[in-house]
$ cat upload_20.cif   # mmCIF, C-alpha atoms and all ligand atoms
data_protein
#
loop_
_atom_site.label_atom_id
_atom_site.label_comp_id
_atom_site.auth_asym_id
_atom_site.auth_seq_id
_atom_site.Cartn_x
_atom_site.Cartn_y
_atom_site.Cartn_z
CA MET U 25 -15.46 -11.34 19.00
CA GLY U 26 -13.10 -10.23 16.25
CA VAL U 27 -10.23 -11.28 14.00
CA ARG U 28 -6.88 -13.02 14.46
CA PHE U 29 -3.98 -12.46 12.09
CA LEU U 30 -2.57 -15.78 10.86
CA SER U 31 0.17 -14.84 8.41
CA THR U 32 1.43 -12.42 5.78
CA GLY U 33 2.94 -12.85 2.33
CA ALA U 34 4.56 -10.77 -0.39
CA GLY U 35 4.69 -10.96 -4.19
CA LEU U 36 7.29 -8.81 -5.91
CA PRO U 37 8.32 -8.78 -9.56
CA ASP U 38 11.96 -9.78 -10.23
CA LYS U 39 12.85 -6.79 -12.40
CA VAL U 40 14.64 -4.02 -10.52
CA LEU U 41 14.56 -0.52 -12.03
CA THR U 42 17.37 1.57 -10.53
CA ASN U 43 17.87 5.32 -10.46
CA ALA U 44 20.73 4.76 -12.92
CA ASP U 45 18.22 3.14 -15.31
CA LEU U 46 15.93 6.18 -14.97
CA GLU U 47 18.84 8.56 -15.69
CA LYS U 48 18.89 7.00 -19.18
CA MET U 49 15.14 7.52 -19.66
CA VAL U 50 14.42 11.08 -18.38
CA ASP U 51 16.30 14.21 -17.32
CA THR U 52 16.92 13.15 -13.73
CA SER U 53 19.75 12.04 -11.45
CA ASP U 54 20.31 9.50 -8.71
CA GLN U 55 21.26 12.42 -6.45
CA TRP U 56 17.95 14.29 -7.03
CA ILE U 57 15.83 11.17 -6.54
CA VAL U 58 17.63 10.10 -3.34
CA GLU U 59 17.67 13.61 -1.84
CA ARG U 60 14.01 14.42 -2.63
CA THR U 61 12.45 10.96 -2.10
CA GLY U 62 14.92 8.49 -0.55
CA ILE U 63 14.17 5.98 -3.34
CA LYS U 64 17.12 4.06 -4.82
CA GLU U 65 15.31 1.39 -6.80
CA ARG U 66 11.84 -0.03 -7.42
CA ARG U 67 10.34 -3.27 -8.82
CA MET U 68 8.58 -3.43 -12.16
CA ALA U 69 6.13 -6.07 -13.36
CA ALA U 70 7.25 -8.11 -16.39
CA PRO U 71 5.29 -7.51 -19.64
CA ASP U 72 3.25 -10.68 -19.04
CA GLN U 73 2.61 -9.93 -15.35
CA ALA U 74 -0.54 -8.09 -14.26
CA THR U 75 -1.80 -7.10 -10.81
CA SER U 76 -3.52 -10.46 -10.22
CA ASP U 77 -0.27 -12.36 -10.91
CA LEU U 78 1.53 -10.48 -8.14
CA ALA U 79 -1.52 -10.87 -5.87
CA VAL U 80 -1.45 -14.65 -6.41
CA LEU U 81 2.25 -14.80 -5.47
CA ALA U 82 1.51 -12.92 -2.23
CA ALA U 83 -1.54 -15.07 -1.46
CA ARG U 84 0.39 -18.35 -1.95
CA HIS U 85 3.17 -17.04 0.30
CA ALA U 86 0.68 -16.22 3.09
CA LEU U 87 -1.16 -19.56 2.71
CA GLU U 88 2.09 -21.56 2.86
CA THR U 89 3.21 -19.65 5.95
CA ALA U 90 -0.08 -20.46 7.73
CA HIS U 91 -0.11 -24.10 6.42
CA LEU U 92 -3.54 -23.57 4.88
CA THR U 93 -4.92 -24.49 1.46
CA PRO U 94 -6.95 -22.26 -0.90
CA ALA U 95 -10.07 -24.31 -0.07
CA ASP U 96 -9.83 -23.10 3.55
CA ILE U 97 -10.56 -19.51 2.48
CA ASP U 98 -14.13 -18.19 2.24
CA LEU U 99 -13.43 -14.54 1.34
CA ILE U 100 -10.88 -12.86 -0.96
CA VAL U 101 -10.68 -9.08 -1.08
CA VAL U 102 -8.15 -7.33 -3.31
CA ALA U 103 -7.47 -3.66 -2.64
CA THR U 104 -6.21 -2.22 -5.92
CA CYS U 105 -6.51 0.85 -8.13
CA THR U 106 -4.77 -0.90 -11.04
CA PRO U 107 -6.99 -3.96 -11.68
CA ASP U 108 -6.21 -6.36 -14.54
CA HIS U 109 -9.52 -5.31 -16.16
CA LEU U 110 -12.45 -2.99 -15.37
CA PHE U 111 -14.24 -6.29 -14.85
CA PRO U 112 -14.05 -9.10 -13.85
CA SER U 113 -12.54 -8.11 -10.53
CA THR U 114 -8.90 -8.91 -9.82
CA ALA U 115 -10.10 -10.84 -6.75
CA CYS U 116 -12.05 -13.25 -9.00
CA LEU U 117 -8.90 -13.84 -11.09
CA VAL U 118 -6.97 -14.56 -7.89
CA GLN U 119 -9.71 -16.96 -6.78
CA LYS U 120 -9.46 -18.80 -10.11
CA ALA U 121 -5.64 -19.01 -10.07
CA LEU U 122 -5.58 -20.28 -6.49
CA GLY U 123 -8.52 -22.64 -6.95
CA ALA U 124 -10.16 -21.08 -3.88
CA VAL U 125 -13.53 -22.59 -4.78
CA ASN U 126 -15.20 -21.77 -1.45
CA ALA U 127 -14.40 -18.05 -1.49
CA ALA U 128 -16.50 -15.04 -2.42
CA ALA U 129 -14.26 -12.47 -4.08
CA PHE U 130 -14.39 -8.75 -4.77
CA ASP U 131 -12.15 -5.68 -5.24
CA LEU U 132 -12.02 -2.51 -3.22
CA SER U 133 -10.57 0.81 -4.34
CA ALA U 134 -9.04 3.44 -2.04
CA ALA U 135 -5.72 3.91 -3.88
CA CYS U 136 -2.69 3.83 -1.55
CA SER U 137 -4.96 3.55 1.52
CA GLY U 138 -6.75 0.54 0.02
CA PHE U 139 -5.17 -2.12 2.21
CA LEU U 140 -6.27 -0.43 5.43
CA PHE U 141 -9.75 0.33 4.07
CA GLY U 142 -9.83 -3.38 3.19
CA LEU U 143 -8.75 -4.34 6.70
CA SER U 144 -11.67 -2.38 8.10
CA ALA U 145 -14.15 -3.92 5.63
CA VAL U 146 -12.93 -7.51 6.00
CA SER U 147 -12.80 -7.44 9.80
CA GLY U 148 -16.30 -5.93 9.86
CA MET U 149 -17.61 -8.68 7.59
CA MET U 150 -16.00 -11.35 9.73
CA GLU U 151 -17.42 -9.89 12.92
CA ALA U 152 -20.85 -9.86 11.24
CA GLY U 153 -20.48 -13.59 10.63
CA MET U 154 -20.03 -13.35 6.85
CA ALA U 155 -16.63 -15.09 6.65
CA LYS U 156 -14.44 -17.35 8.77
CA ARG U 157 -11.09 -17.15 7.00
CA ALA U 158 -10.20 -14.32 4.63
CA LEU U 159 -7.36 -13.33 2.35
CA LEU U 160 -6.92 -9.58 2.17
CA ILE U 161 -4.52 -8.51 -0.58
CA GLY U 162 -3.11 -5.09 -1.43
CA ALA U 163 -1.79 -5.18 -5.01
CA ASP U 164 -0.88 -2.54 -7.57
CA THR U 165 1.09 -2.14 -10.80
CA LEU U 166 1.34 1.63 -11.04
CA THR U 167 4.24 1.41 -13.51
CA ARG U 168 1.57 0.46 -16.08
CA PHE U 169 -0.06 3.89 -15.58
CA THR U 170 3.15 5.92 -15.49
CA ASP U 171 4.13 8.53 -18.06
CA TRP U 172 7.79 7.64 -18.61
CA LYS U 173 8.39 11.15 -19.98
CA ASP U 174 7.23 12.84 -16.76
CA ARG U 175 10.24 12.99 -14.44
CA GLY U 176 8.03 14.42 -11.66
CA THR U 177 6.17 11.10 -11.28
CA CYS U 178 7.99 8.29 -13.10
CA VAL U 179 10.73 8.01 -10.48
CA LEU U 180 8.28 7.46 -7.60
CA PHE U 181 6.32 4.26 -8.16
CA GLY U 182 6.92 0.51 -8.11
CA ASP U 183 4.85 -2.68 -8.42
CA GLY U 184 4.05 -5.30 -5.78
CA ALA U 185 1.47 -7.20 -3.76
CA GLY U 186 1.10 -8.17 -0.12
CA ALA U 187 -1.37 -10.52 1.56
CA LEU U 188 -2.79 -10.94 5.04
CA LEU U 189 -4.64 -14.05 6.22
CA LEU U 190 -7.29 -13.42 8.85
CA GLU U 191 -9.44 -15.76 10.89
CA LYS U 192 -12.58 -15.04 12.87
CA THR U 193 -12.23 -15.50 16.62
CA GLU U 194 -14.76 -15.56 19.45
CA GLY U 195 -12.03 -14.07 21.68
CA PRO U 196 -10.84 -10.45 21.72
CA SER U 197 -9.90 -8.98 18.35
CA ASP U 198 -6.27 -8.49 17.32
CA LEU U 199 -7.45 -5.45 15.38
CA LEU U 200 -7.47 -2.91 18.19
CA ALA U 201 -8.57 0.17 16.26
CA VAL U 202 -9.10 1.51 12.75
CA HIS U 203 -9.60 5.06 11.55
CA LEU U 204 -10.63 5.99 7.99
CA GLY U 205 -10.98 9.37 6.30
CA SER U 206 -11.56 10.88 2.83
CA ASP U 207 -11.65 14.28 1.14
CA GLY U 208 -12.97 14.11 -2.41
CA SER U 209 -12.93 17.92 -2.74
CA VAL U 210 -9.24 17.80 -3.72
CA SER U 211 -9.45 14.63 -5.81
CA ASP U 212 -7.82 16.40 -8.79
CA ILE U 213 -4.37 16.78 -7.18
CA LEU U 214 -3.68 13.04 -7.56
CA SER U 215 -5.46 11.11 -10.28
CA ILE U 216 -5.34 9.02 -13.44
CA PRO U 217 -7.49 11.30 -15.62
CA GLY U 218 -8.15 8.98 -18.59
CA GLY U 219 -9.22 5.38 -19.05
CA GLY U 220 -12.40 5.42 -16.94
CA SER U 221 -16.01 6.23 -17.85
CA ARG U 222 -15.39 10.03 -17.72
CA HIS U 223 -12.71 9.95 -20.41
CA PRO U 224 -12.73 6.45 -21.93
CA LEU U 225 -9.70 5.21 -23.80
CA GLY U 226 -9.99 6.07 -27.46
CA SER U 227 -11.85 9.35 -26.86
CA GLY U 228 -9.50 12.23 -26.17
CA VAL U 229 -6.62 10.22 -24.76
CA GLY U 230 -4.28 13.09 -25.70
CA GLU U 231 -5.97 15.46 -23.27
CA PHE U 232 -6.81 12.90 -20.61
CA PRO U 233 -4.09 10.25 -20.66
CA PRO U 234 -4.33 7.06 -18.61
CA PHE U 235 -1.27 8.12 -16.62
CA ILE U 236 -0.69 9.33 -13.08
CA HIS U 237 -1.12 13.08 -12.63
CA MET U 238 0.18 14.45 -9.33
CA GLU U 239 0.65 17.92 -7.86
CA GLY U 240 3.49 16.71 -5.67
CA LYS U 241 3.92 19.61 -3.26
CA GLU U 242 0.17 19.79 -2.48
CA VAL U 243 -0.06 16.02 -2.00
CA PHE U 244 2.99 16.12 0.28
CA LYS U 245 1.35 18.67 2.62
CA HIS U 246 -1.91 16.73 2.86
CA ALA U 247 -0.03 13.46 3.40
CA VAL U 248 1.83 14.62 6.51
CA VAL U 249 -1.22 16.28 8.12
CA ARG U 250 -3.66 13.45 7.39
CA MET U 251 -1.34 10.61 8.38
CA MET U 252 -0.63 12.31 11.71
CA GLU U 253 -4.35 12.90 12.25
CA ALA U 254 -5.10 9.25 11.43
CA MET U 255 -2.47 7.83 13.78
CA GLU U 256 -3.63 10.01 16.68
CA ALA U 257 -7.28 9.07 16.09
CA ALA U 258 -6.58 5.31 16.06
CA LEU U 259 -4.37 5.49 19.16
CA LYS U 260 -7.11 7.41 20.98
CA LYS U 261 -9.75 4.84 19.98
CA CYS U 262 -7.85 2.00 21.67
CA GLY U 263 -6.40 4.00 24.58
CA LYS U 264 -2.77 3.50 23.52
CA THR U 265 0.15 5.87 23.04
CA VAL U 266 3.06 5.84 20.58
CA GLU U 267 5.22 4.39 23.38
CA ASP U 268 2.98 1.29 23.46
CA LEU U 269 3.78 0.49 19.82
CA ALA U 270 6.68 -1.80 18.90
CA LEU U 271 6.70 -0.47 15.34
CA ILE U 272 4.98 2.20 13.25
CA ILE U 273 4.58 1.45 9.53
CA PRO U 274 3.70 4.58 7.55
CA HIS U 275 2.86 4.52 3.84
CA GLN U 276 6.14 4.51 1.92
CA ALA U 277 5.83 7.31 -0.67
CA ASN U 278 8.73 9.57 0.26
CA LEU U 279 11.41 9.35 2.97
CA ARG U 280 10.89 13.04 3.76
CA ILE U 281 7.21 12.39 4.55
CA ILE U 282 8.17 9.43 6.75
CA ASP U 283 10.82 11.52 8.56
CA ALA U 284 8.32 14.36 9.11
CA ILE U 285 5.86 11.91 10.67
CA ALA U 286 8.54 10.33 12.88
CA LYS U 287 9.53 13.81 14.10
CA ARG U 288 5.95 14.86 14.84
CA LEU U 289 5.25 11.59 16.67
CA LYS U 290 8.35 12.38 18.79
CA THR U 291 9.52 8.81 18.58
CA LYS U 292 12.84 7.05 18.09
CA GLU U 293 14.04 6.79 14.48
CA ASP U 294 14.14 2.97 14.56
CA LYS U 295 10.51 2.70 15.67
CA VAL U 296 9.39 3.94 12.25
CA PHE U 297 9.68 1.40 9.42
CA ARG U 298 11.32 2.40 6.13
CA ASN U 299 11.71 0.33 2.95
CA VAL U 300 10.84 3.02 0.37
CA GLN U 301 14.54 2.95 -0.68
CA LYS U 302 14.06 -0.53 -2.20
CA TYR U 303 10.55 -0.36 -3.62
CA GLY U 304 9.31 3.21 -4.09
CA ASN U 305 5.58 3.75 -3.66
CA MET U 306 3.67 0.50 -4.34
CA SER U 307 0.25 2.00 -3.53
CA ALA U 308 -2.09 -0.50 -1.81
CA ALA U 309 0.73 -3.07 -1.54
CA THR U 310 2.99 -0.80 0.47
CA THR U 311 1.87 -1.18 4.09
CA ILE U 312 1.23 -4.94 3.89
CA ILE U 313 4.59 -5.67 2.20
CA ALA U 314 6.23 -3.59 4.95
CA LEU U 315 4.36 -5.59 7.62
CA ASP U 316 5.42 -8.85 5.95
CA GLU U 317 9.07 -7.74 5.98
CA ALA U 318 8.85 -6.60 9.60
CA VAL U 319 7.31 -9.90 10.71
CA ARG U 320 9.75 -12.10 8.74
CA SER U 321 12.81 -10.16 9.94
CA GLY U 322 11.67 -10.40 13.58
CA ARG U 323 11.14 -6.65 13.99
CA VAL U 324 7.54 -7.50 14.87
CA GLN U 325 7.00 -10.39 17.30
CA ARG U 326 3.78 -12.13 18.32
CA GLY U 327 2.02 -9.97 20.94
CA ASP U 328 3.57 -6.69 19.73
CA SER U 329 1.32 -3.71 19.03
CA VAL U 330 1.89 -2.22 15.58
CA GLY U 331 0.58 1.01 14.05
CA LEU U 332 -0.08 1.23 10.30
CA ILE U 333 -0.80 4.51 8.51
CA ALA U 334 -1.69 5.11 4.85
CA PHE U 335 -2.51 8.03 2.58
CA GLY U 336 -3.41 8.25 -1.08
CA ALA U 337 -5.53 9.45 -3.96
CA GLY U 338 -9.15 10.31 -3.25
CA LEU U 339 -7.87 11.79 -1.06
CA THR U 340 -8.04 8.88 1.36
CA TRP U 341 -6.21 8.20 4.61
CA ALA U 342 -6.38 5.39 7.14
CA SER U 343 -4.70 3.96 10.19
CA ALA U 344 -4.89 0.75 12.19
CA ILE U 345 -3.50 -0.45 15.48
CA LEU U 346 -3.08 -4.19 15.63
CA LYS U 347 -1.76 -6.78 18.04
CA TRP U 348 0.40 -9.13 16.01
O1 LIG Y 401 0.83 7.73 -2.54
C1 LIG Y 401 0.42 9.03 -2.77
C2 LIG Y 401 1.21 9.91 -1.96
N1 LIG Y 401 2.20 10.58 -2.76
C3 LIG Y 401 3.02 11.39 -2.14
O2 LIG Y 401 2.93 11.50 -0.96
C4 LIG Y 401 4.00 12.19 -2.95
C5 LIG Y 401 4.14 13.56 -2.33
N2 LIG Y 401 5.02 14.45 -3.03
C6 LIG Y 401 6.37 14.25 -3.11
O3 LIG Y 401 6.86 13.25 -2.66
C7 LIG Y 401 7.22 15.36 -3.68
O4 LIG Y 401 6.43 16.50 -3.89
C8 LIG Y 401 7.95 14.95 -4.99
C9 LIG Y 401 9.04 13.96 -4.70
C10 LIG Y 401 6.96 14.38 -5.98
C11 LIG Y 401 8.61 16.17 -5.63
O5 LIG Y 401 9.49 16.80 -4.72
P1 LIG Y 401 9.46 18.37 -4.51
O6 LIG Y 401 10.51 18.71 -3.54
O7 LIG Y 401 8.04 18.74 -4.16
O8 LIG Y 401 9.92 18.90 -5.92
P2 LIG Y 401 9.12 19.80 -6.97
O9 LIG Y 401 8.02 19.03 -7.62
O10 LIG Y 401 8.75 21.11 -6.35
O11 LIG Y 401 10.26 20.07 -8.02
C12 LIG Y 401 11.44 20.82 -7.67
C13 LIG Y 401 12.32 20.87 -8.90
C14 LIG Y 401 11.57 21.37 -10.14
O12 LIG Y 401 12.49 22.11 -10.93
P3 LIG Y 401 12.46 23.73 -10.91
O13 LIG Y 401 11.07 24.12 -11.28
O14 LIG Y 401 12.79 24.11 -9.49
O15 LIG Y 401 13.51 24.10 -11.91
C15 LIG Y 401 11.26 20.10 -10.87
O16 LIG Y 401 11.12 20.28 -12.26
O17 LIG Y 401 12.80 19.57 -9.20
C16 LIG Y 401 12.48 19.26 -10.56
N3 LIG Y 401 12.23 17.84 -10.64
C17 LIG Y 401 13.20 16.93 -10.90
N4 LIG Y 401 14.51 17.08 -11.13
C18 LIG Y 401 15.22 15.96 -11.36
C19 LIG Y 401 11.05 17.17 -10.47
N5 LIG Y 401 11.24 15.85 -10.62
C20 LIG Y 401 12.56 15.68 -10.89
C21 LIG Y 401 13.35 14.56 -11.14
N6 LIG Y 401 14.67 14.74 -11.35
N7 LIG Y 401 12.85 13.30 -11.14
#
$ encode --input "upload_20.cif" --output "structure tokens"
Amino acid sequence: MGVRFLSTGAGLPDKVLTNADLEKMVDTSDQWIVERTGIKERRMAAPDQATSDLAVLAARHALETAHLTPADIDLIVVATCTPDHLFPSTACLVQKALGAVNAAAFDLSAACSGFLFGLSAVSGMMEAGMAKRALLIGADTLTRFTDWKDRGTCVLFGDGAGALLLEKTEGPSDLLAVHLGSDGSVSDILSIPGGGSRHPLGSGVGEFPPFIHMEGKEVFKHAVVRMMEAMEAALKKCGKTVEDLALIIPHQANLRIIDAIAKRLKTKEDKVFRNVQKYGNMSAATTIIALDEAVRSGRVQRGDSVGLIAFGAGLTWASAILKW
């Protein structure tokens, strides 16, 4: 008993913010950004677009691909750390916009690892008999929480949403293994200090702004170690090796992190997916948008084994091996 993967979808804003655009905003250069991160451009939500709007685009895309209607869905989970509001949940707004009247809906927060934490939660719920067909969405609009004067962070992030449609099956699960991990003891190296209940907006915003704070070098080191650890743990759980995987999709935060992982996994360059050049780091949307691109371009075929790895604030890290 387990889950089957029916389809994927993506929702990206139209606006492209290039490195040349950023050169006009902060003291940076296309050369620095490309050399240190690999990023050439990223997408940015329009002023009237919030996280739920991108999530709805991704959800509709996945539903159309699977030839299903919103009424066929009985669970909607949105992994996001940039919800439209503190409440109601972004998932409830998605339910309303889709007209998915039969679905229970809630959000889940594990920052950039949110989609894979969501995959673990949703598949567990389905195996426990709590849902038959689910929409799992990873969606974030980190550009809304970016300090456009901080060149150390404002060049890194983009907005987007990706969706996965899952169905319960009595046969063997297409989710072969999941591994999750967290380390809250270093939560301060990557955070949005203000805007929550610790430092609410309006009380000391100057000291605790609602913008991303990141100690980049520290985060980099943790990212490589934890993503490697996660991939090895998931492979071990399902008795597979890197050679068994058709494609590995690591979180897309920095090309140098992706290259370091590819090197440590001792695998061919083209087995490791890269689209960070086009989108930057889209947080919880990253791995599912990458999977959607890989499936639509034919890089992942039905029956292929795929490894997904994520890492983010918390700290959190996660991996999954799935049979597409
Ligand atoms: O999803 C969460 C996961 N996030 C990540 O995994 C991000 C991990 N960290 C990183 O990707 C990298 O640490 C960064 C890309 C953020 C930074 O790269 P770095 O090689 O660690 O650079 P740095 O922060 O040590 O900065 C090196 C220099 C500094 O100048 P000085 O002190 O050497 O004069 C920075 O001020 O580069 C400067 N710098 C920039 N220069 C031009 C920092 N940002 C920029 C910039 N343009 N945008």
$ residues_near_ligand --input "upload_20.cif" --ligand "ligand LIG 401 (chain Y)" --cutoff "9 Å" --atoms "only C-alpha atoms and all ligand atoms" --output "ChimeraX atom specification"
/U:46-47,50-57,59-61,135-137,174-181,214,238-248,275-281,305-308,334-337,339
$ closest_residue --input "upload_20.cif" --among "U:Asn299, U:Ser147, U:Ser343, U:Thr93" --to "Glu317 of chain U" --atoms "only C-alpha atoms"
U:Asn299
$ axis_aligned_box --input "upload_20.cif" --around "segment 153-171 of chain U" --padding-each-side "6 Å" --output "JSON"
{"center_x": -8.1, "center_y": -4.4, "center_z": -3.7, "size_x": 36.7, "size_y": 37.9, "size_z": 40.7}
$ residues_near_point --input "upload_20.cif" --point "(-8.1, -1.6, 1.2)" --cutoff "10 Å" --atoms "only C-alpha atoms" --output "PyMOL selection string"
chain U and resi 101-105+131-146+160-163+308-309+334+342
$ atom_distance --input "upload_20.cif" --atom1 "atom CA of Gly218 of chain U" --atom2 "atom CA of Gln119 of chain U"
28.5 Å
